[in-house]
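Chemist: So I've got this file, upload_9.cif, and it contains mmCIF, N, CA and C atoms:
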```
data_model
#
loop_
_atom_site.label_atom_id
_atom_site.label_comp_id
_atom_site.auth_asym_id
_atom_site.auth_seq_id
_atom_site.Cartn_x
_atom_site.Cartn_y
_atom_site.Cartn_z
N MET A 1283 -19.76 35.16 -13.00
CA MET A 1283 -20.28 34.95 -11.68
C MET A 1283 -19.14 35.12 -10.68
N LEU A 1284 -19.33 35.87 -9.68
CA LEU A 1284 -18.32 36.10 -8.65
C LEU A 1284 -18.60 35.20 -7.46
N PHE A 1285 -17.53 34.75 -6.84
CA PHE A 1285 -17.66 33.92 -5.64
C PHE A 1285 -17.20 34.72 -4.43
N ARG A 1286 -17.96 34.64 -3.40
CA ARG A 1286 -17.58 35.31 -2.16
C ARG A 1286 -16.73 34.38 -1.33
N SER A 1287 -15.73 34.93 -0.73
CA SER A 1287 -14.88 34.15 0.15
C SER A 1287 -15.59 33.96 1.49
N VAL A 1288 -15.64 32.74 1.93
CA VAL A 1288 -16.29 32.43 3.20
C VAL A 1288 -15.21 31.98 4.18
N VAL A 1289 -15.16 32.60 5.31
CA VAL A 1289 -14.21 32.23 6.35
C VAL A 1289 -14.89 31.21 7.26
N PRO A 1290 -14.31 30.01 7.36
CA PRO A 1290 -14.95 29.01 8.22
C PRO A 1290 -14.88 29.42 9.69
N ALA A 1291 -15.84 28.93 10.42
CA ALA A 1291 -15.88 29.19 11.86
C ALA A 1291 -14.73 28.45 12.54
N ILE A 1292 -14.25 29.00 13.62
CA ILE A 1292 -13.18 28.36 14.39
C ILE A 1292 -13.74 27.06 14.96
N GLY A 1293 -12.96 26.01 14.83
CA GLY A 1293 -13.41 24.70 15.28
C GLY A 1293 -12.63 24.20 16.48
N ASN A 1294 -12.90 22.96 16.82
CA ASN A 1294 -12.27 22.34 17.97
C ASN A 1294 -11.72 20.97 17.58
N PHE A 1295 -11.16 20.89 16.37
CA PHE A 1295 -10.66 19.62 15.85
C PHE A 1295 -9.41 19.18 16.62
N LYS A 1296 -9.42 17.95 17.09
CA LYS A 1296 -8.28 17.39 17.80
C LYS A 1296 -7.77 16.18 17.02
N MET A 1297 -6.49 16.19 16.73
CA MET A 1297 -5.88 15.05 16.03
C MET A 1297 -5.26 14.11 17.04
N ARG A 1298 -5.21 12.85 16.66
CA ARG A 1298 -4.49 11.88 17.47
C ARG A 1298 -3.90 10.83 16.55
N PRO A 1299 -2.74 10.31 16.89
CA PRO A 1299 -2.13 9.28 16.05
C PRO A 1299 -3.03 8.05 15.97
N ARG A 1300 -3.04 7.41 14.81
CA ARG A 1300 -3.80 6.17 14.60
C ARG A 1300 -2.81 5.07 14.24
N ARG A 1301 -2.03 4.66 15.21
CA ARG A 1301 -0.96 3.68 15.01
C ARG A 1301 -1.49 2.39 14.37
N GLU A 1302 -2.74 2.05 14.65
CA GLU A 1302 -3.30 0.80 14.12
C GLU A 1302 -3.49 0.83 12.61
N LEU A 1303 -3.30 1.99 11.96
CA LEU A 1303 -3.49 2.09 10.52
C LEU A 1303 -2.17 2.07 9.74
N LEU A 1304 -1.06 2.17 10.44
CA LEU A 1304 0.26 2.26 9.79
C LEU A 1304 1.21 1.22 10.34
N VAL A 1305 2.19 0.86 9.52
CA VAL A 1305 3.28 0.00 10.00
C VAL A 1305 4.59 0.74 9.84
N THR A 1306 5.55 0.30 10.61
CA THR A 1306 6.91 0.82 10.53
C THR A 1306 7.79 -0.23 9.85
N VAL A 1307 9.02 0.13 9.60
CA VAL A 1307 9.96 -0.82 9.01
C VAL A 1307 10.11 -2.05 9.91
N ASP A 1308 10.07 -1.86 11.22
CA ASP A 1308 10.18 -3.00 12.14
C ASP A 1308 8.98 -3.93 12.02
N ASP A 1309 7.80 -3.37 11.81
CA ASP A 1309 6.61 -4.20 11.61
C ASP A 1309 6.74 -5.02 10.33
N VAL A 1310 7.26 -4.41 9.27
CA VAL A 1310 7.43 -5.13 8.00
C VAL A 1310 8.44 -6.26 8.19
N LEU A 1311 9.55 -5.98 8.84
CA LEU A 1311 10.55 -7.03 9.10
C LEU A 1311 9.93 -8.19 9.87
N ALA A 1312 9.15 -7.90 10.88
CA ALA A 1312 8.49 -8.96 11.66
C ALA A 1312 7.51 -9.71 10.77
N GLY A 1313 6.81 -9.01 9.89
CA GLY A 1313 5.85 -9.64 9.00
C GLY A 1313 6.49 -10.60 8.00
N LEU A 1314 7.76 -10.38 7.67
CA LEU A 1314 8.45 -11.28 6.74
C LEU A 1314 8.55 -12.69 7.31
N LYS A 1315 8.46 -12.82 8.62
CA LYS A 1315 8.58 -14.12 9.28
C LYS A 1315 7.23 -14.80 9.51
N ARG A 1316 6.14 -14.11 9.17
CA ARG A 1316 4.80 -14.65 9.43
C ARG A 1316 4.08 -14.95 8.11
N PRO A 1317 3.73 -16.21 7.88
CA PRO A 1317 3.05 -16.55 6.62
C PRO A 1317 1.69 -15.89 6.47
N GLU A 1318 1.06 -15.51 7.57
CA GLU A 1318 -0.26 -14.86 7.47
C GLU A 1318 -0.17 -13.38 7.10
N THR A 1319 1.05 -12.85 7.06
CA THR A 1319 1.26 -11.45 6.66
C THR A 1319 1.56 -11.41 5.18
N LYS A 1320 0.83 -10.58 4.46
CA LYS A 1320 1.03 -10.41 3.02
C LYS A 1320 1.43 -8.96 2.76
N ILE A 1321 2.59 -8.78 2.17
CA ILE A 1321 3.06 -7.46 1.79
C ILE A 1321 2.69 -7.26 0.33
N VAL A 1322 1.97 -6.19 0.05
CA VAL A 1322 1.50 -5.91 -1.31
C VAL A 1322 2.29 -4.74 -1.87
N ASP A 1323 3.02 -4.98 -2.94
CA ASP A 1323 3.82 -3.96 -3.61
C ASP A 1323 2.95 -3.30 -4.68
N ALA A 1324 2.57 -2.05 -4.44
CA ALA A 1324 1.66 -1.34 -5.34
C ALA A 1324 2.38 -0.52 -6.40
N ARG A 1325 3.70 -0.68 -6.51
CA ARG A 1325 4.49 0.11 -7.47
C ARG A 1325 4.34 -0.44 -8.89
N SER A 1326 4.95 0.25 -9.83
CA SER A 1326 4.92 -0.17 -11.23
C SER A 1326 5.75 -1.44 -11.42
N ASP A 1327 5.54 -2.11 -12.54
CA ASP A 1327 6.31 -3.31 -12.87
C ASP A 1327 7.81 -3.01 -12.84
N ALA A 1328 8.20 -1.89 -13.45
CA ALA A 1328 9.63 -1.54 -13.53
C ALA A 1328 10.23 -1.27 -12.16
N GLU A 1329 9.48 -0.65 -11.27
CA GLU A 1329 9.99 -0.43 -9.92
C GLU A 1329 10.14 -1.75 -9.17
N TYR A 1330 9.15 -2.61 -9.32
CA TYR A 1330 9.14 -3.90 -8.62
C TYR A 1330 10.32 -4.77 -9.04
N THR A 1331 10.61 -4.84 -10.33
CA THR A 1331 11.72 -5.68 -10.81
C THR A 1331 13.08 -5.02 -10.62
N GLY A 1332 13.09 -3.73 -10.37
CA GLY A 1332 14.35 -3.02 -10.23
C GLY A 1332 14.84 -2.40 -11.52
N ALA A 1333 14.06 -2.50 -12.60
CA ALA A 1333 14.44 -1.87 -13.86
C ALA A 1333 14.42 -0.35 -13.72
N LEU A 1334 13.52 0.16 -12.89
CA LEU A 1334 13.46 1.58 -12.56
C LEU A 1334 13.84 1.72 -11.09
N VAL A 1335 14.96 2.36 -10.85
CA VAL A 1335 15.48 2.50 -9.49
C VAL A 1335 15.23 3.92 -9.01
N ARG A 1336 14.45 4.05 -7.94
CA ARG A 1336 14.10 5.37 -7.40
C ARG A 1336 14.63 5.56 -5.98
N ALA A 1337 15.56 4.70 -5.57
CA ALA A 1337 16.18 4.78 -4.25
C ALA A 1337 17.62 4.33 -4.42
N ALA A 1338 18.34 4.17 -3.33
CA ALA A 1338 19.72 3.71 -3.43
C ALA A 1338 19.80 2.33 -4.08
N ARG A 1339 18.76 1.53 -3.88
CA ARG A 1339 18.71 0.19 -4.46
C ARG A 1339 17.36 -0.03 -5.13
N GLY A 1340 17.34 -0.88 -6.13
CA GLY A 1340 16.11 -1.27 -6.78
C GLY A 1340 15.77 -2.69 -6.42
N GLY A 1341 14.53 -3.06 -6.61
CA GLY A 1341 14.10 -4.41 -6.31
C GLY A 1341 12.83 -4.41 -5.50
N ALA A 1342 12.66 -5.46 -4.69
CA ALA A 1342 11.42 -5.63 -3.95
C ALA A 1342 11.69 -6.16 -2.55
N ILE A 1343 10.75 -5.94 -1.68
CA ILE A 1343 10.78 -6.55 -0.35
C ILE A 1343 10.57 -8.05 -0.55
N PRO A 1344 11.40 -8.89 0.05
CA PRO A 1344 11.29 -10.33 -0.17
C PRO A 1344 9.87 -10.86 0.10
N GLY A 1345 9.37 -11.63 -0.87
CA GLY A 1345 8.06 -12.25 -0.73
C GLY A 1345 6.88 -11.34 -1.00
N ALA A 1346 7.12 -10.08 -1.34
CA ALA A 1346 6.01 -9.17 -1.59
C ALA A 1346 5.22 -9.62 -2.81
N VAL A 1347 3.91 -9.46 -2.73
CA VAL A 1347 3.02 -9.77 -3.84
C VAL A 1347 2.87 -8.48 -4.65
N HIS A 1348 3.21 -8.56 -5.94
CA HIS A 1348 3.13 -7.36 -6.77
C HIS A 1348 1.74 -7.21 -7.36
N LEU A 1349 1.13 -6.06 -7.11
CA LEU A 1349 -0.17 -5.74 -7.67
C LEU A 1349 -0.24 -4.23 -7.79
N GLU A 1350 0.15 -3.73 -8.97
CA GLU A 1350 0.20 -2.29 -9.16
C GLU A 1350 -1.14 -1.65 -8.82
N TRP A 1351 -1.11 -0.53 -8.15
CA TRP A 1351 -2.31 0.13 -7.65
C TRP A 1351 -3.33 0.41 -8.74
N THR A 1352 -2.88 0.65 -9.97
CA THR A 1352 -3.82 0.95 -11.05
C THR A 1352 -4.71 -0.24 -11.40
N ARG A 1353 -4.30 -1.44 -10.99
CA ARG A 1353 -5.12 -2.63 -11.24
C ARG A 1353 -6.43 -2.59 -10.46
N ASN A 1354 -6.53 -1.70 -9.47
CA ASN A 1354 -7.77 -1.53 -8.70
C ASN A 1354 -8.83 -0.76 -9.48
N LEU A 1355 -8.42 -0.18 -10.61
CA LEU A 1355 -9.30 0.73 -11.35
C LEU A 1355 -9.85 0.11 -12.62
N ASP A 1356 -11.04 0.56 -13.01
CA ASP A 1356 -11.60 0.13 -14.29
C ASP A 1356 -11.11 1.07 -15.39
N ALA A 1357 -11.60 0.87 -16.61
CA ALA A 1357 -11.15 1.66 -17.76
C ALA A 1357 -11.48 3.14 -17.63
N ASN A 1358 -12.45 3.48 -16.80
CA ASN A 1358 -12.83 4.89 -16.61
C ASN A 1358 -12.14 5.54 -15.41
N GLY A 1359 -11.27 4.79 -14.75
CA GLY A 1359 -10.54 5.36 -13.62
C GLY A 1359 -11.27 5.26 -12.29
N PHE A 1360 -12.35 4.48 -12.24
CA PHE A 1360 -13.08 4.27 -11.00
C PHE A 1360 -12.67 2.92 -10.42
N PHE A 1361 -12.92 2.74 -9.12
CA PHE A 1361 -12.66 1.43 -8.53
C PHE A 1361 -13.45 0.37 -9.28
N LYS A 1362 -12.82 -0.79 -9.47
CA LYS A 1362 -13.52 -1.94 -10.03
C LYS A 1362 -14.61 -2.35 -9.04
N SER A 1363 -15.49 -3.22 -9.47
CA SER A 1363 -16.54 -3.69 -8.57
C SER A 1363 -15.91 -4.45 -7.41
N ALA A 1364 -16.65 -4.57 -6.33
CA ALA A 1364 -16.17 -5.29 -5.16
C ALA A 1364 -15.83 -6.73 -5.53
N ASP A 1365 -16.67 -7.37 -6.34
CA ASP A 1365 -16.42 -8.75 -6.75
C ASP A 1365 -15.12 -8.87 -7.54
N GLU A 1366 -14.89 -7.93 -8.46
CA GLU A 1366 -13.65 -7.96 -9.25
C GLU A 1366 -12.43 -7.77 -8.35
N LEU A 1367 -12.52 -6.83 -7.43
CA LEU A 1367 -11.40 -6.59 -6.52
C LEU A 1367 -11.14 -7.81 -5.64
N ARG A 1368 -12.20 -8.38 -5.08
CA ARG A 1368 -12.04 -9.57 -4.22
C ARG A 1368 -11.35 -10.69 -5.00
N THR A 1369 -11.83 -10.95 -6.20
CA THR A 1369 -11.25 -12.01 -7.03
C THR A 1369 -9.78 -11.74 -7.32
N MET A 1370 -9.46 -10.50 -7.65
CA MET A 1370 -8.08 -10.14 -7.98
C MET A 1370 -7.15 -10.40 -6.80
N TYR A 1371 -7.56 -9.99 -5.60
CA TYR A 1371 -6.71 -10.19 -4.43
C TYR A 1371 -6.68 -11.65 -4.00
N LEU A 1372 -7.82 -12.32 -4.03
CA LEU A 1372 -7.85 -13.74 -3.67
C LEU A 1372 -6.99 -14.57 -4.62
N ASP A 1373 -7.00 -14.24 -5.92
CA ASP A 1373 -6.18 -14.95 -6.91
C ASP A 1373 -4.69 -14.84 -6.60
N ARG A 1374 -4.31 -13.82 -5.85
CA ARG A 1374 -2.91 -13.64 -5.48
C ARG A 1374 -2.62 -14.11 -4.05
N GLY A 1375 -3.59 -14.81 -3.48
CA GLY A 1375 -3.39 -15.38 -2.14
C GLY A 1375 -3.55 -14.41 -1.00
N ILE A 1376 -4.19 -13.28 -1.26
CA ILE A 1376 -4.40 -12.26 -0.23
C ILE A 1376 -5.86 -12.38 0.22
N THR A 1377 -6.06 -12.86 1.44
CA THR A 1377 -7.40 -13.12 1.95
C THR A 1377 -7.76 -12.13 3.06
N PRO A 1378 -9.04 -12.02 3.37
CA PRO A 1378 -9.46 -11.12 4.45
C PRO A 1378 -8.87 -11.50 5.81
N GLU A 1379 -8.47 -12.76 5.97
CA GLU A 1379 -7.88 -13.20 7.24
C GLU A 1379 -6.42 -12.77 7.39
N ASN A 1380 -5.78 -12.41 6.29
CA ASN A 1380 -4.37 -12.01 6.34
C ASN A 1380 -4.20 -10.65 7.00
N GLU A 1381 -3.01 -10.45 7.55
CA GLU A 1381 -2.55 -9.08 7.85
C GLU A 1381 -1.97 -8.60 6.53
N VAL A 1382 -2.47 -7.48 6.01
CA VAL A 1382 -2.04 -7.00 4.70
C VAL A 1382 -1.32 -5.67 4.88
N ILE A 1383 -0.12 -5.59 4.28
CA ILE A 1383 0.70 -4.38 4.37
C ILE A 1383 1.01 -3.89 2.96
N PRO A 1384 0.24 -2.92 2.45
CA PRO A 1384 0.58 -2.35 1.15
C PRO A 1384 1.74 -1.35 1.28
N HIS A 1385 2.54 -1.28 0.23
CA HIS A 1385 3.59 -0.26 0.17
C HIS A 1385 3.82 0.14 -1.27
N CYS A 1386 4.42 1.28 -1.48
CA CYS A 1386 4.80 1.75 -2.81
C CYS A 1386 6.16 2.41 -2.67
N HIS A 1387 6.29 3.66 -3.06
CA HIS A 1387 7.56 4.36 -2.87
C HIS A 1387 7.48 5.36 -1.72
N GLY A 1388 6.34 5.99 -1.58
CA GLY A 1388 6.21 6.99 -0.52
C GLY A 1388 4.91 6.89 0.27
N GLY A 1389 4.16 5.83 0.06
CA GLY A 1389 2.94 5.60 0.82
C GLY A 1389 1.67 6.14 0.18
N TYR A 1390 1.79 6.79 -0.98
CA TYR A 1390 0.61 7.40 -1.62
C TYR A 1390 -0.16 6.39 -2.46
N ARG A 1391 0.53 5.69 -3.35
CA ARG A 1391 -0.14 4.68 -4.17
C ARG A 1391 -0.63 3.53 -3.31
N SER A 1392 0.15 3.18 -2.29
CA SER A 1392 -0.28 2.11 -1.40
C SER A 1392 -1.47 2.53 -0.55
N ALA A 1393 -1.64 3.82 -0.31
CA ALA A 1393 -2.84 4.30 0.39
C ALA A 1393 -4.08 4.01 -0.46
N HIS A 1394 -3.93 4.07 -1.76
CA HIS A 1394 -5.03 3.72 -2.67
C HIS A 1394 -5.35 2.23 -2.53
N THR A 1395 -4.32 1.40 -2.47
CA THR A 1395 -4.54 -0.03 -2.29
C THR A 1395 -5.15 -0.30 -0.91
N TYR A 1396 -4.69 0.42 0.10
CA TYR A 1396 -5.28 0.31 1.44
C TYR A 1396 -6.79 0.56 1.36
N LEU A 1397 -7.18 1.63 0.68
CA LEU A 1397 -8.59 1.99 0.56
C LEU A 1397 -9.37 0.91 -0.20
N ALA A 1398 -8.81 0.41 -1.29
CA ALA A 1398 -9.49 -0.64 -2.07
C ALA A 1398 -9.75 -1.86 -1.20
N LEU A 1399 -8.77 -2.26 -0.42
CA LEU A 1399 -8.92 -3.43 0.45
C LEU A 1399 -9.94 -3.18 1.55
N ARG A 1400 -9.93 -2.01 2.12
CA ARG A 1400 -10.92 -1.69 3.16
C ARG A 1400 -12.33 -1.65 2.57
N LEU A 1401 -12.46 -1.15 1.34
CA LEU A 1401 -13.78 -1.09 0.70
C LEU A 1401 -14.39 -2.47 0.49
N ILE A 1402 -13.54 -3.49 0.32
CA ILE A 1402 -14.06 -4.85 0.09
C ILE A 1402 -14.06 -5.68 1.37
N GLY A 1403 -13.88 -5.02 2.51
CA GLY A 1403 -14.07 -5.70 3.78
C GLY A 1403 -12.83 -6.26 4.44
N TYR A 1404 -11.65 -5.99 3.93
CA TYR A 1404 -10.43 -6.43 4.60
C TYR A 1404 -10.20 -5.49 5.79
N SER A 1405 -10.20 -6.04 6.98
CA SER A 1405 -10.12 -5.18 8.17
C SER A 1405 -8.71 -5.08 8.75
N ASN A 1406 -7.84 -6.01 8.42
CA ASN A 1406 -6.49 -6.01 9.00
C ASN A 1406 -5.48 -5.51 7.97
N VAL A 1407 -5.63 -4.26 7.57
CA VAL A 1407 -4.77 -3.64 6.57
C VAL A 1407 -4.11 -2.43 7.21
N ARG A 1408 -2.79 -2.34 7.05
CA ARG A 1408 -2.06 -1.18 7.56
C ARG A 1408 -1.04 -0.75 6.51
N ASN A 1409 -1.00 0.53 6.20
CA ASN A 1409 -0.12 1.06 5.16
C ASN A 1409 1.30 1.25 5.71
N TYR A 1410 2.28 0.90 4.87
CA TYR A 1410 3.69 1.15 5.22
C TYR A 1410 4.06 2.50 4.63
N LEU A 1411 3.97 3.52 5.44
CA LEU A 1411 4.20 4.88 4.99
C LEU A 1411 5.64 5.11 4.51
N GLY A 1412 6.62 4.49 5.16
CA GLY A 1412 8.01 4.64 4.74
C GLY A 1412 8.26 4.06 3.36
N SER A 1413 7.58 2.98 3.06
CA SER A 1413 7.59 2.32 1.75
C SER A 1413 9.00 2.15 1.18
N TRP A 1414 9.10 2.05 -0.15
CA TRP A 1414 10.39 1.78 -0.77
C TRP A 1414 11.36 2.96 -0.59
N GLY A 1415 10.84 4.15 -0.40
CA GLY A 1415 11.72 5.29 -0.14
C GLY A 1415 12.59 5.06 1.09
N GLU A 1416 12.05 4.37 2.06
CA GLU A 1416 12.83 4.00 3.25
C GLU A 1416 13.56 2.68 3.01
N TRP A 1417 12.81 1.64 2.59
CA TRP A 1417 13.38 0.30 2.46
C TRP A 1417 14.53 0.27 1.47
N GLY A 1418 14.35 0.87 0.31
CA GLY A 1418 15.38 0.84 -0.73
C GLY A 1418 16.60 1.67 -0.42
N ASN A 1419 16.48 2.62 0.48
CA ASN A 1419 17.63 3.45 0.87
C ASN A 1419 18.38 2.90 2.07
N ARG A 1420 17.87 1.88 2.70
CA ARG A 1420 18.54 1.27 3.85
C ARG A 1420 19.23 -0.01 3.41
N THR A 1421 20.55 0.00 3.41
CA THR A 1421 21.31 -1.16 2.93
C THR A 1421 21.29 -2.33 3.92
N ASP A 1422 20.76 -2.11 5.11
CA ASP A 1422 20.69 -3.19 6.09
C ASP A 1422 19.43 -4.04 5.95
N LEU A 1423 18.55 -3.68 5.03
CA LEU A 1423 17.29 -4.40 4.86
C LEU A 1423 17.37 -5.34 3.65
N PRO A 1424 16.74 -6.51 3.74
CA PRO A 1424 16.82 -7.48 2.64
C PRO A 1424 15.98 -7.04 1.44
N ILE A 1425 16.47 -7.37 0.27
CA ILE A 1425 15.71 -7.14 -0.97
C ILE A 1425 15.85 -8.36 -1.87
N GLU A 1426 14.96 -8.44 -2.83
CA GLU A 1426 15.10 -9.44 -3.87
C GLU A 1426 14.91 -8.76 -5.22
N HIS A 1427 15.30 -9.44 -6.27
CA HIS A 1427 15.20 -8.88 -7.62
C HIS A 1427 14.33 -9.79 -8.47
N PRO A 1428 13.01 -9.60 -8.42
CA PRO A 1428 12.12 -10.43 -9.24
C PRO A 1428 12.41 -10.23 -10.71
N THR A 1429 12.31 -11.30 -11.48
CA THR A 1429 12.56 -11.19 -12.93
C THR A 1429 11.28 -10.84 -13.68
N GLU A 1430 10.12 -11.12 -13.07
CA GLU A 1430 8.84 -10.79 -13.70
C GLU A 1430 7.94 -10.10 -12.69
N PRO A 1431 7.11 -9.17 -13.18
CA PRO A 1431 6.17 -8.52 -12.26
C PRO A 1431 5.02 -9.41 -11.84
#
```
Go ahead and render the structure in this file as structure tokens.
Modeler:
Amino acid sequence: MLFRSVVPAIGNFKMRPRRELLVTVDDVLAGLKRPETKIVDARSDAEYTGALVRAARGGAIPGAVHLEWTRNLDANGFFKSADELRTMYLDRGITPENEVIPHCHGGYRSAHTYLALRLIGYSNVRNYLGSWGEWGNRTDLPIEHPTEP
């Protein structure tokens, strides 16, 4: 079977920044001082503890709650049910009332966590796009070395 190439019609798509969906390093620093802000580390166990170093430094953002992004998925690779996801996040002290900042190494895995949280009704979620790629390479930023994930 042959497929014909279809050229899409010229559109009028306009992009605009959506600052309310992202945080910067300064936002994360400010969040470290607020108990209602929860930073969610979506990286692997080894990245979180610093056993696997993918930047100038290994470790974690102080106080970050570790919840690897794959924990959002069931055995078939689909999102877990909303009830399972809610329970998982609530068990870690992450509530819908919190400001939630997911991060990983480059913002991709944390985007998955962002989506999981939005799907279960968390409205105050913003992804840290710079993630550990920025945080771990800046020696002026605080880190900690958790012993367990």
Chemist: Taking the DSSP secondary structure from the backbone, can you list the residues of chain A that are strand (DSSP E or B), as number ranges by chain?
Modeler: A: 1304-1305, 1319-1323, 1342, 1347-1348, 1355, 1361, 1381-1385, 1407, 1409-1410, 1426
Chemist: Kindly export the residues of the current selection with N, CA and C atoms, as a compact mmCIF listing (two decimals), keeping the file's coordinate frame.
Modeler:
```txt
# COMPACT_ATOMS: atom_id res chain seq x y z
N LEU A 1304 -1.06 2.17 10.44
CA LEU A 1304 0.26 2.26 9.79
C LEU A 1304 1.21 1.22 10.34
N VAL A 1305 2.19 0.86 9.52
CA VAL A 1305 3.28 0.00 10.00
C VAL A 1305 4.59 0.74 9.84
N THR A 1319 1.05 -12.85 7.06
CA THR A 1319 1.26 -11.45 6.66
C THR A 1319 1.56 -11.41 5.18
N LYS A 1320 0.83 -10.58 4.46
CA LYS A 1320 1.03 -10.41 3.02
C LYS A 1320 1.43 -8.96 2.76
N ILE A 1321 2.59 -8.78 2.17
CA ILE A 1321 3.06 -7.46 1.79
C ILE A 1321 2.69 -7.26 0.33
N VAL A 1322 1.97 -6.19 0.05
CA VAL A 1322 1.50 -5.91 -1.31
C VAL A 1322 2.29 -4.74 -1.87
N ASP A 1323 3.02 -4.98 -2.94
CA ASP A 1323 3.82 -3.96 -3.61
C ASP A 1323 2.95 -3.30 -4.68
N ALA A 1342 12.66 -5.46 -4.69
CA ALA A 1342 11.42 -5.63 -3.95
C ALA A 1342 11.69 -6.16 -2.55
N VAL A 1347 3.91 -9.46 -2.73
CA VAL A 1347 3.02 -9.77 -3.84
C VAL A 1347 2.87 -8.48 -4.65
N HIS A 1348 3.21 -8.56 -5.94
CA HIS A 1348 3.13 -7.36 -6.77
C HIS A 1348 1.74 -7.21 -7.36
N LEU A 1355 -8.42 -0.18 -10.61
CA LEU A 1355 -9.30 0.73 -11.35
C LEU A 1355 -9.85 0.11 -12.62
N PHE A 1361 -12.92 2.74 -9.12
CA PHE A 1361 -12.66 1.43 -8.53
C PHE A 1361 -13.45 0.37 -9.28
N GLU A 1381 -3.01 -10.45 7.55
CA GLU A 1381 -2.55 -9.08 7.85
C GLU A 1381 -1.97 -8.60 6.53
N VAL A 1382 -2.47 -7.48 6.01
CA VAL A 1382 -2.04 -7.00 4.70
C VAL A 1382 -1.32 -5.67 4.88
N ILE A 1383 -0.12 -5.59 4.28
CA ILE A 1383 0.70 -4.38 4.37
C ILE A 1383 1.01 -3.89 2.96
N PRO A 1384 0.24 -2.92 2.45
CA PRO A 1384 0.58 -2.35 1.15
C PRO A 1384 1.74 -1.35 1.28
N HIS A 1385 2.54 -1.28 0.23
CA HIS A 1385 3.59 -0.26 0.17
C HIS A 1385 3.82 0.14 -1.27
N VAL A 1407 -5.63 -4.26 7.57
CA VAL A 1407 -4.77 -3.64 6.57
C VAL A 1407 -4.11 -2.43 7.21
N ASN A 1409 -1.00 0.53 6.20
CA ASN A 1409 -0.12 1.06 5.16
C ASN A 1409 1.30 1.25 5.71
N TYR A 1410 2.28 0.90 4.87
CA TYR A 1410 3.69 1.15 5.22
C TYR A 1410 4.06 2.50 4.63
N GLU A 1426 14.96 -8.44 -2.83
CA GLU A 1426 15.10 -9.44 -3.87
C GLU A 1426 14.91 -8.76 -5.22
```
Chemist: Point out the residue among A:Glu1426, A:Asp1309, A:Glu1381, A:Asp1373 with the least atom-to-atom distance to A:Val1407, counting only C-alpha atoms.
Modeler: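 The closest residue to A:Val1407 is A:Glu1381.
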Chemist: Where does the PyMOL selection byres ((chain A and resi 1338-1347) around 7) land in this file, that is, which residues does it pick, as an NGL selection string?
Modeler: :A and (1314 or 1320-1324 or 1329-1337 or 1348-1350 or 1417-1420 or 1424-1428)
Chemist: I would like the residues chosen by the PyMOL selection byres ((chain A and resi 1399-1405) around 7) on the shown file; could you give them as a list in words?
Modeler: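 Applied to this file, the PyMOL selection byres ((chain A and resi 1399-1405) around 7) returns Ala1364, Arg1368, Thr1377, Pro1378, Glu1379, His1394, Thr1395, Tyr1396, Leu1397, Ala1398, Asn1406, Val1407 and Arg1408 of chain A.
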Chemist: Which distance in Å separates atom CA of A:Glu1318 and atom CA of A:Asn1409, to one decimal?
Modeler: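 For atom CA of A:Glu1318 relative to atom CA of A:Asn1409, the distance reads 16.1 Å.
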Chemist: Which of these residues is nearest to A:Val1305, using all atoms listed in the file: A:Gly1375, A:Gly1412, A:Gly1388, A:Pro1431?
Modeler: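 So, comparing all the options, the nearest one is A:Gly1412.
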Chemist: Please, what is the axis-aligned box for every listed atom of stretch 1410-1419 of chain A with 8 Å on each side, as centre and edge lengths in Å to one decimal, as JSON?
Modeler:
```
{"center_x": 10.3, "center_y": 2.8, "center_z": 2.3, "size_x": 32.1, "size_y": 21.0, "size_z": 22.2}
```
Chemist: I want to know what sits within 12 Å of A:Asp1308, based on only C-alpha atoms, with residues of the same chain fewer than 2 positions away left out; could you give that as a CSV table (one decimal) with N, CA and C atoms, in the frame of the given file?
Modeler:
```
chain,number,residue,atom,x,y,z
A,1304,LEU,N,-1.1,2.2,10.4
A,1304,LEU,CA,0.3,2.3,9.8
A,1304,LEU,C,1.2,1.2,10.3
A,1305,VAL,N,2.2,0.9,9.5
A,1305,VAL,CA,3.3,0.0,10.0
A,1305,VAL,C,4.6,0.7,9.8
A,1306,THR,N,5.6,0.3,10.6
A,1306,THR,CA,6.9,0.8,10.5
A,1306,THR,C,7.8,-0.2,9.8
A,1310,VAL,N,7.3,-4.4,9.3
A,1310,VAL,CA,7.4,-5.1,8.0
A,1310,VAL,C,8.4,-6.3,8.2
A,1311,LEU,N,9.6,-6.0,8.8
A,1311,LEU,CA,10.6,-7.0,9.1
A,1311,LEU,C,9.9,-8.2,9.9
A,1312,ALA,N,9.2,-7.9,10.9
A,1312,ALA,CA,8.5,-9.0,11.7
A,1312,ALA,C,7.5,-9.7,10.8
A,1313,GLY,N,6.8,-9.0,9.9
A,1313,GLY,CA,5.8,-9.6,9.0
A,1313,GLY,C,6.5,-10.6,8.0
A,1314,LEU,N,7.8,-10.4,7.7
A,1314,LEU,CA,8.4,-11.3,6.7
A,1314,LEU,C,8.6,-12.7,7.3
A,1315,LYS,N,8.5,-12.8,8.6
A,1315,LYS,CA,8.6,-14.1,9.3
A,1315,LYS,C,7.2,-14.8,9.5
A,1410,TYR,N,2.3,0.9,4.9
A,1410,TYR,CA,3.7,1.2,5.2
A,1410,TYR,C,4.1,2.5,4.6
A,1412,GLY,N,6.6,4.5,5.2
A,1412,GLY,CA,8.0,4.6,4.7
A,1412,GLY,C,8.3,4.1,3.4
A,1413,SER,N,7.6,3.0,3.1
A,1413,SER,CA,7.6,2.3,1.8
A,1413,SER,C,9.0,2.2,1.2
A,1416,GLU,N,12.0,4.4,2.1
A,1416,GLU,CA,12.8,4.0,3.2
A,1416,GLU,C,13.6,2.7,3.0
A,1417,TRP,N,12.8,1.6,2.6
A,1417,TRP,CA,13.4,0.3,2.5
A,1417,TRP,C,14.5,0.3,1.5
A,1423,LEU,N,18.6,-3.7,5.0
A,1423,LEU,CA,17.3,-4.4,4.9
A,1423,LEU,C,17.4,-5.3,3.6
```
Chemist: Between atom CA of A:Asn1380 and atom CA of A:Thr1319, what is the distance, to one decimal in Å?
Modeler: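 Atom CA of A:Thr1319 lies 5.7 Å from atom CA of A:Asn1380.
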